[in-house]
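Okay, my_file25.cif is below, mmCIF, C-alpha atoms:
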```
data_work
#
loop_
_atom_site.label_atom_id
_atom_site.label_comp_id
_atom_site.auth_asym_id
_atom_site.auth_seq_id
_atom_site.Cartn_x
_atom_site.Cartn_y
_atom_site.Cartn_z
CA MET M 1 -19.73 8.74 6.77
CA ARG M 2 -19.62 9.62 10.44
CA PRO M 3 -16.85 11.84 11.77
CA PHE M 4 -13.44 10.37 12.55
CA SER M 5 -13.06 10.03 16.32
CA PRO M 6 -9.59 10.86 17.67
CA THR M 7 -10.66 9.89 21.19
CA THR M 8 -11.67 6.36 20.22
CA HIS M 9 -8.81 5.87 17.78
CA ARG M 10 -5.73 7.13 19.55
CA ARG M 11 -3.61 4.47 17.89
CA ALA M 12 -4.36 6.04 14.51
CA GLN M 13 -3.77 9.51 15.95
CA GLN M 14 -0.26 8.52 17.02
CA ARG M 15 0.45 7.20 13.54
CA LEU M 16 -0.11 10.62 12.04
CA VAL M 17 3.37 11.49 13.23
CA ASP M 18 4.83 8.04 12.69
CA SER M 19 3.51 6.80 9.33
CA LEU M 20 0.68 7.54 6.96
CA CYS M 21 -0.61 6.11 3.67
CA PHE M 22 -1.49 8.71 1.03
CA MET M 23 -3.87 7.22 -1.54
CA LEU M 24 -3.49 9.32 -4.66
CA TRP M 25 -6.30 7.62 -6.59
CA LYS M 26 -8.09 4.27 -6.80
CA SER M 27 -7.34 3.70 -10.48
CA CYS M 28 -5.29 0.56 -11.14
CA ASN M 29 -4.22 -1.63 -14.04
CA TYR M 30 -5.05 -4.74 -11.98
CA GLN M 31 -8.40 -5.86 -10.59
CA CYS M 32 -7.65 -7.85 -7.44
CA LYS M 33 -10.86 -9.46 -6.25
CA PHE M 34 -10.25 -8.78 -2.56
CA CYS M 35 -8.99 -5.20 -2.99
CA TRP M 36 -9.51 -2.96 0.03
CA HIS M 37 -9.81 0.17 -2.09
CA PRO M 38 -11.36 -0.76 -5.46
CA ASP M 39 -11.98 1.82 -8.13
CA LYS M 40 -15.69 2.74 -8.03
CA GLY M 41 -15.34 5.53 -10.58
CA LEU M 42 -16.05 8.16 -7.93
CA ASP M 43 -12.65 9.83 -7.59
CA ALA M 44 -12.46 13.51 -8.43
CA PRO M 45 -9.93 14.48 -11.14
CA PHE M 46 -6.44 14.35 -9.68
CA SER M 47 -4.88 17.73 -8.90
CA LEU M 48 -1.10 17.71 -8.50
CA SER M 49 -1.15 21.18 -6.93
CA GLU M 50 -3.72 20.15 -4.31
CA ALA M 51 -1.78 16.99 -3.55
CA ALA M 52 1.36 19.11 -3.09
CA ASP M 53 -0.58 21.39 -0.71
CA ALA M 54 -1.57 18.28 1.28
CA ILE M 55 2.10 17.28 1.47
CA HIS M 56 2.97 20.70 2.90
CA LEU M 57 0.29 20.32 5.59
CA LEU M 58 1.49 16.84 6.48
CA ARG M 59 5.08 18.05 6.73
CA ASP M 60 4.04 20.98 8.95
CA SER M 61 2.26 18.54 11.28
CA GLY M 62 5.40 16.45 11.69
CA VAL M 63 4.47 13.27 9.82
CA GLY M 64 7.48 10.99 9.92
CA LYS M 65 6.75 8.80 6.89
CA VAL M 66 4.51 9.13 3.84
CA ASN M 67 3.69 5.97 1.88
CA PHE M 68 2.10 6.67 -1.49
CA CYS M 69 -0.42 4.05 -2.52
CA GLY M 70 -3.48 3.51 -4.66
CA GLY M 71 -4.89 2.09 -6.76
CA GLU M 72 -1.55 1.92 -8.52
CA PRO M 73 0.69 4.98 -7.95
CA PHE M 74 2.44 4.49 -11.31
CA PHE M 75 -0.84 4.19 -13.22
CA LYS M 76 -1.20 7.88 -14.11
CA ALA M 77 1.29 9.99 -16.05
CA LYS M 78 3.81 7.13 -16.10
CA GLY M 79 4.65 7.74 -12.46
CA THR M 80 5.52 11.43 -12.85
CA HIS M 81 2.79 12.56 -10.44
CA VAL M 82 3.98 10.36 -7.61
CA GLY M 83 7.59 11.20 -8.47
CA LYS M 84 6.96 14.93 -8.17
CA LEU M 85 5.22 14.41 -4.82
CA LEU M 86 8.23 12.43 -3.58
CA ALA M 87 10.42 15.37 -4.54
CA GLU M 88 8.03 17.74 -2.74
CA CYS M 89 8.36 15.65 0.41
CA LYS M 90 12.14 15.99 0.26
CA ARG M 91 12.29 19.66 -0.74
CA GLU M 92 14.10 21.83 1.78
CA VAL M 93 11.71 24.15 3.59
CA PRO M 94 13.47 27.13 5.21
CA GLY M 95 12.48 27.54 8.84
CA SER M 96 10.76 24.17 9.09
CA VAL M 97 10.90 22.64 12.58
CA HIS M 98 10.40 19.11 11.21
CA PRO M 99 12.79 17.04 9.06
CA ALA M 100 11.67 15.81 5.66
CA PRO M 101 9.57 12.66 5.99
CA VAL M 102 10.71 9.23 4.95
CA THR M 103 9.07 8.44 1.61
CA GLY M 104 7.74 5.18 0.24
CA ILE M 105 5.64 3.78 -2.60
CA MET M 106 3.44 0.69 -2.54
CA THR M 107 3.13 -0.65 -6.10
CA ASN M 108 2.40 -3.82 -8.04
CA GLY M 109 5.67 -3.23 -9.91
CA SER M 110 4.27 -3.67 -13.41
CA LEU M 111 4.79 -0.04 -14.48
CA VAL M 112 8.12 0.74 -12.79
CA THR M 113 10.83 1.76 -15.28
CA ARG M 114 14.51 2.65 -15.31
CA GLU M 115 13.58 6.07 -16.69
CA TRP M 116 11.48 6.73 -13.60
CA PHE M 117 14.38 5.87 -11.32
CA ASP M 118 16.67 8.17 -13.28
CA GLU M 119 14.25 11.05 -12.74
CA TYR M 120 12.87 10.43 -9.25
CA GLY M 121 14.78 7.59 -7.59
CA GLU M 122 16.83 9.91 -5.39
CA HIS M 123 13.65 11.10 -3.64
CA CYS M 124 12.33 7.62 -2.76
CA ASP M 125 13.45 5.88 0.42
CA VAL M 126 11.38 2.68 0.20
CA LEU M 127 9.77 0.75 -2.66
CA ALA M 128 7.34 -1.96 -1.54
CA ILE M 129 6.09 -4.28 -4.27
CA SER M 130 2.98 -6.44 -3.95
CA VAL M 131 3.71 -10.05 -4.90
CA ASP M 132 1.02 -12.60 -4.14
CA SER M 133 2.36 -15.52 -6.18
CA PHE M 134 4.91 -16.57 -8.77
CA ARG M 135 2.35 -18.77 -10.52
CA GLU M 136 0.43 -17.36 -13.47
CA GLU M 137 -2.74 -19.30 -12.68
CA THR M 138 -2.82 -17.96 -9.13
CA ASN M 139 -2.19 -14.37 -10.17
CA ARG M 140 -4.87 -14.44 -12.83
CA GLY M 141 -7.30 -16.05 -10.39
CA ILE M 142 -6.66 -13.22 -7.94
CA GLY M 143 -6.97 -10.57 -10.64
CA ARG M 144 -3.31 -9.56 -10.65
CA ALA M 145 -3.08 -9.35 -14.42
CA GLN M 146 -3.62 -6.90 -17.24
CA GLY M 147 -4.94 -8.65 -20.32
CA ARG M 148 -2.19 -10.67 -21.99
CA ARG M 149 0.68 -8.53 -20.74
CA PRO M 150 3.48 -10.55 -19.10
CA LEU M 151 3.05 -10.88 -15.35
CA VAL M 152 5.56 -9.45 -12.90
CA GLY M 153 7.87 -12.39 -12.22
CA THR M 154 11.25 -13.02 -10.68
CA GLU M 155 13.18 -11.49 -13.60
CA THR M 156 11.26 -8.19 -13.42
CA LEU M 157 11.53 -8.10 -9.64
CA ALA M 158 15.27 -8.76 -9.78
CA GLN M 159 15.66 -5.87 -12.23
CA ILE M 160 13.74 -3.51 -9.95
CA ARG M 161 15.79 -4.77 -7.02
CA SER M 162 18.99 -3.82 -8.84
CA TRP M 163 17.67 -0.30 -9.51
CA CYS M 164 16.80 0.06 -5.84
CA ASP M 165 20.35 -0.93 -4.92
CA GLU M 166 21.78 1.55 -7.41
CA PHE M 167 19.70 4.47 -6.13
CA GLY M 168 19.83 3.62 -2.44
CA VAL M 169 16.15 2.67 -2.17
CA ARG M 170 15.10 0.03 0.35
CA PHE M 171 13.40 -2.90 -1.39
CA LYS M 172 10.43 -4.51 0.35
CA LEU M 173 7.74 -7.00 -0.61
CA ASN M 174 4.10 -7.34 0.44
CA THR M 175 1.99 -10.49 0.06
CA VAL M 176 -1.72 -10.93 0.76
CA VAL M 177 -2.17 -14.51 1.92
CA ASN M 178 -5.47 -15.86 0.62
CA ARG M 179 -7.21 -19.07 -0.39
CA LEU M 180 -5.44 -19.26 -3.75
CA ASN M 181 -1.86 -18.91 -2.51
CA VAL M 182 -2.05 -20.17 1.08
CA ASP M 183 -0.56 -23.58 0.21
CA GLU M 184 2.24 -22.23 -2.00
CA ASP M 185 5.91 -22.00 -1.05
CA MET M 186 7.33 -18.68 -2.26
CA GLY M 187 10.39 -18.83 -0.04
CA ARG M 188 13.16 -19.58 -2.52
CA GLU M 189 12.06 -16.97 -5.05
CA VAL M 190 11.65 -14.29 -2.40
CA ALA M 191 14.91 -15.19 -0.65
CA ALA M 192 16.77 -14.79 -3.95
CA LEU M 193 15.48 -11.19 -4.12
CA GLU M 194 16.86 -10.42 -0.63
CA PRO M 195 14.13 -7.99 0.46
CA ASP M 196 14.81 -5.76 3.45
CA ARG M 197 11.39 -6.79 4.72
CA TRP M 198 8.61 -9.12 3.57
CA LYS M 199 5.21 -8.27 5.03
CA LEU M 200 2.55 -10.99 5.00
CA PHE M 201 -1.06 -9.85 5.28
CA GLN M 202 -3.94 -12.18 6.03
CA VAL M 203 -6.60 -11.30 3.46
CA SER M 204 -9.04 -9.00 5.23
CA PRO M 205 -12.61 -7.79 4.75
CA ALA M 206 -13.51 -4.16 4.16
CA TYR M 207 -17.22 -3.39 4.29
CA ASN M 208 -18.61 -1.83 1.10
CA GLU M 209 -15.20 -2.24 -0.52
CA ASN M 210 -14.54 -5.97 -1.05
CA TYR M 211 -17.90 -7.17 0.30
CA GLY M 212 -21.28 -5.73 1.23
CA PRO M 213 -23.89 -3.81 -0.78
CA GLY M 214 -21.48 -1.05 -1.76
CA ALA M 215 -18.74 -3.33 -3.13
CA PRO M 216 -18.22 -3.22 -6.91
CA PRO M 217 -19.28 -6.24 -8.97
CA GLY M 218 -16.62 -8.93 -9.17
CA LEU M 219 -15.15 -8.39 -5.71
CA ASP M 220 -15.72 -11.37 -3.45
CA PHE M 221 -13.77 -11.46 -0.21
CA ALA M 222 -15.55 -14.64 0.95
CA SER M 223 -14.01 -16.67 -1.89
CA PHE M 224 -10.51 -15.77 -0.69
CA GLN M 225 -10.98 -15.87 3.08
CA ILE M 226 -8.67 -18.09 5.14
CA SER M 227 -8.50 -19.05 8.80
CA ARG M 228 -5.96 -17.81 11.31
CA HIS M 229 -4.51 -21.35 11.42
CA GLN M 230 -3.97 -21.34 7.65
CA PHE M 231 -2.31 -17.94 7.81
CA ASP M 232 -0.01 -18.99 10.66
CA SER M 233 0.99 -22.10 8.69
CA PHE M 234 1.96 -19.93 5.69
CA VAL M 235 4.03 -17.68 7.96
CA ARG M 236 5.88 -20.60 9.59
CA ARG M 237 6.59 -22.16 6.19
CA HIS M 238 8.40 -19.04 5.05
CA GLU M 239 10.11 -17.74 8.19
CA SER M 240 12.77 -20.45 7.92
CA TYR M 241 14.15 -18.87 4.74
CA PHE M 242 15.05 -15.56 6.38
CA ALA M 243 16.85 -13.94 9.27
CA GLU M 244 14.71 -12.92 12.20
CA GLY M 245 12.70 -9.75 11.56
CA VAL M 246 12.56 -9.97 7.76
CA VAL M 247 9.15 -11.67 7.66
CA VAL M 248 6.50 -9.47 9.29
CA PRO M 249 3.03 -11.07 9.58
CA GLU M 250 -0.19 -9.08 10.03
CA THR M 251 -3.46 -10.87 10.77
CA SER M 252 -6.91 -9.54 9.90
CA GLU M 253 -7.13 -8.14 13.42
CA ASP M 254 -3.81 -6.33 13.00
CA VAL M 255 -4.85 -4.83 9.68
CA ASP M 256 -8.28 -3.61 10.82
CA ASP M 257 -7.85 -0.20 12.49
CA GLY M 258 -4.10 -0.60 12.10
CA TYR M 259 -3.19 2.25 9.79
CA LEU M 260 -4.17 5.78 8.92
CA LEU M 261 -5.06 6.63 5.33
CA LEU M 262 -5.36 9.95 3.53
CA ASP M 263 -7.84 9.35 0.72
CA PRO M 264 -8.05 11.03 -2.73
CA SER M 265 -10.30 13.72 -1.21
CA PHE M 266 -7.55 14.48 1.34
CA CYS M 267 -9.64 13.11 4.22
CA PHE M 268 -8.30 10.75 6.85
CA GLU M 269 -10.11 7.44 6.56
CA MET M 270 -10.13 4.06 8.24
CA PRO M 271 -12.16 1.24 6.63
CA SER M 272 -14.14 -1.16 8.79
CA ALA M 273 -14.44 -4.94 8.64
CA LEU M 274 -17.75 -4.83 10.52
CA PRO M 275 -20.98 -4.89 8.47
CA THR M 276 -22.63 -2.51 10.95
CA THR M 277 -19.79 -0.01 10.90
CA ALA M 278 -19.22 2.51 8.12
CA ALA M 279 -15.76 3.72 7.21
CA ARG M 280 -14.69 6.60 9.41
CA SER M 281 -13.69 9.79 7.65
CA SER M 282 -12.46 13.22 8.69
CA ARG M 283 -12.91 16.56 6.98
CA SER M 284 -10.43 17.41 4.23
CA ILE M 285 -7.08 18.57 5.52
CA LEU M 286 -7.11 21.21 2.77
CA GLU M 287 -10.11 22.75 4.54
CA VAL M 288 -9.17 22.46 8.21
CA GLY M 289 -5.51 21.37 8.35
CA ALA M 290 -4.05 17.99 9.29
CA GLU M 291 -4.18 18.42 13.06
CA ALA M 292 -7.73 19.80 13.12
CA ALA M 293 -8.91 16.96 10.87
CA LEU M 294 -7.83 14.56 13.61
CA GLY M 295 -9.38 16.67 16.33
CA ARG M 296 -6.12 17.86 17.84
#
```
Just give me the structure of the file as structure tokens.
Amino acid sequence: MRPFSPTTHRRAQQRLVDSLCFMLWKSCNYQCKFCWHPDKGLDAPFSLSEAADAIHLLRDSGVGKVNFCGGEPFFKAKGTHVGKLLAECKREVPGSVHPAPVTGIMTNGSLVTREWFDEYGEHCDVLAISVDSFREETNRGIGRAQGRRPLVGTETLAQIRSWCDEFGVRFKLNTVVNRLNVDEDMGREVAALEPDRWKLFQVSPAYNENYGPGAPPGLDFASFQISRHQFDSFVRRHESYFAEGVVVPETSEDVDDGYLLLDPSFCFEMPSALPTTAARSSRSILEVGAEAALGR
């Protein structure tokens, strides 16, 4: 991978302070066929102490929000790893010039439990759950299933919503709009859950991740690709259910180059949708620090 360029990607550089996604691992109990970060079996063994060191560096650099993602953040150790890192984000640091960051988790919701909330809920500010459909056929076609286990439906989501209310956690939803769900109407089910925000992503390509020679077998972005017109139609269909600002659409162009990711090797990374462009990666922040990794 070629070095991350802070000069070319100032938008990402600004987001270091604003918001950052911390990918703990790529392991997941689902196998979505357009996944941006599929498990290739290349992750190093997870080290909680190293991840905590990374949190300290991010806090020292003034990151405003840390979103933990995967893979599935609850997949390992029944969510205790991500829970302990949430607590580390919120731990008081004597002499620190920066406030504790806002914390969030992006999850498919299938492994979230009441016991986890009892232990770690106080440290989590936002829980964003990925929901691409309420139809079993659609979810299984996408790969959002784990064998014969019950799928995450409205009853499970309502239960998680109630836990969020109890522990003061903001409840958000994410949906990837793709060829299998683009004609569905999810409005009534989502409106009943009263999310603080519902983000709609147009399914997007990621070279060597969900297409290209380096993509794992079974991933096939082309089979799920939709046009901008189709995406806009989905957005319009659902905006009428909600107050202004609840539905937040992001096109493929918005998603590409639109966020900063810290990968399982503690390197800043931005995937590319272009077949001639490799993902851009920095050196590990554990080696050079967060600011130096971005060239500051």
*Where does the PyMOL selection byres ((chain M and resi 32-37) around 7) land in this file, that is, which residues does it pick, as JSON, numbers by chain?*
{"M": [26, 30, 31, 38, 39, 142, 143, 144, 206, 209, 210, 218, 219, 220, 221]}
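Considering only C-alpha atoms, the residue among M:Ala215, M:Val131, M:Leu48, M:Ala77 positioned nearest to Asn181 of chain M is M:Val131.
Distance annotation: of M:Cys21, M:His56, M:Gly245, M:Phe224, the residue with the minimal separation from Gly289 of chain M is M:His56; atom set is all atoms listed in the file.
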*Skip segment 156-163 of chain M itself and residues of its chain fewer than 2 positions away, then list as a PyMOL selection string all residues within 8 Å of it, counting only C-alpha atoms.*
chain M and resi 109+112+114+117+152-154+165-167+171+193
*Considering all atoms listed in the file, state which residue in the set M:Phe201, M:Phe268, M:Trp116, M:Tyr241 is at the smallest distance from Ser281 of chain M.*
M:Phe268
_Just the number, please: distance in Å from atom CA of Val126 of chain M to atom CA of Gly95 of chain M, one decimal._
26.3 Å
*Best match for closeness to Asp263 of chain M among M:Ile285, M:Met106, M:Val246, M:Ser49, counting all atoms listed in the file*: M:Ile285
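Of the listed residues M:Glu50, M:Glu250, M:Glu155, M:Glu115, the one whose atoms come nearest to Trp198 of chain M is M:Glu250, with distances taken using only C-alpha atoms.
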*Pick from M:Ala87, M:Ala243, M:Leu20, M:Leu42: nearest to Lys65 of chain M, with all atoms listed in the file counted?*
M:Leu20
File output for segment 99-111 of chain M (N, CA and C atoms) as a PDB file, in the first residue's frame:
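Final output, saved to decode.pdb:
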```pdb
ATOM      1  N   PRO M  99     -11.333  16.668  26.260  1.00  0.00           N
ATOM      2  CA  PRO M  99     -12.407  15.909  26.914  1.00  0.00           C
ATOM      3  C   PRO M  99     -12.469  14.486  26.376  1.00  0.00           C
ATOM      4  N   ALA M 100     -13.121  13.612  27.113  1.00  0.00           N
ATOM      5  CA  ALA M 100     -13.306  12.243  26.646  1.00  0.00           C
ATOM      6  C   ALA M 100     -14.102  12.251  25.349  1.00  0.00           C
ATOM      7  N   PRO M 101     -13.745  11.401  24.397  1.00  0.00           N
ATOM      8  CA  PRO M 101     -14.474  11.396  23.128  1.00  0.00           C
ATOM      9  C   PRO M 101     -15.872  10.825  23.269  1.00  0.00           C
ATOM     10  N   VAL M 102     -16.740  11.229  22.374  1.00  0.00           N
ATOM     11  CA  VAL M 102     -18.032  10.563  22.221  1.00  0.00           C
ATOM     12  C   VAL M 102     -17.757   9.155  21.714  1.00  0.00           C
ATOM     13  N   THR M 103     -18.500   8.178  22.222  1.00  0.00           N
ATOM     14  CA  THR M 103     -18.258   6.791  21.834  1.00  0.00           C
ATOM     15  C   THR M 103     -19.461   6.207  21.113  1.00  0.00           C
ATOM     16  N   GLY M 104     -19.196   5.337  20.159  1.00  0.00           N
ATOM     17  CA  GLY M 104     -20.267   4.687  19.427  1.00  0.00           C
ATOM     18  C   GLY M 104     -19.854   3.294  18.984  1.00  0.00           C
ATOM     19  N   ILE M 105     -20.847   2.470  18.684  1.00  0.00           N
ATOM     20  CA  ILE M 105     -20.621   1.122  18.156  1.00  0.00           C
ATOM     21  C   ILE M 105     -21.517   0.933  16.944  1.00  0.00           C
ATOM     22  N   MET M 106     -20.955   0.381  15.884  1.00  0.00           N
ATOM     23  CA  MET M 106     -21.728  -0.015  14.710  1.00  0.00           C
ATOM     24  C   MET M 106     -21.810  -1.532  14.703  1.00  0.00           C
ATOM     25  N   THR M 107     -23.012  -2.078  14.798  1.00  0.00           N
ATOM     26  CA  THR M 107     -23.218  -3.507  15.003  1.00  0.00           C
ATOM     27  C   THR M 107     -24.402  -4.013  14.193  1.00  0.00           C
ATOM     28  N   ASN M 108     -24.415  -5.319  13.935  1.00  0.00           N
ATOM     29  CA  ASN M 108     -25.607  -5.888  13.277  1.00  0.00           C
ATOM     30  C   ASN M 108     -26.701  -6.223  14.293  1.00  0.00           C
ATOM     31  N   GLY M 109     -26.410  -6.078  15.571  1.00  0.00           N
ATOM     32  CA  GLY M 109     -27.421  -6.228  16.614  1.00  0.00           C
ATOM     33  C   GLY M 109     -27.704  -7.645  17.064  1.00  0.00           C
ATOM     34  N   SER M 110     -27.177  -8.635  16.377  1.00  0.00           N
ATOM     35  CA  SER M 110     -27.544 -10.019  16.670  1.00  0.00           C
ATOM     36  C   SER M 110     -26.950 -10.547  17.968  1.00  0.00           C
ATOM     37  N   LEU M 111     -25.891  -9.916  18.473  1.00  0.00           N
ATOM     38  CA  LEU M 111     -25.196 -10.426  19.651  1.00  0.00           C
ATOM     39  C   LEU M 111     -25.288  -9.477  20.851  1.00  0.00           C
TER      40      LEU M 111
END
```
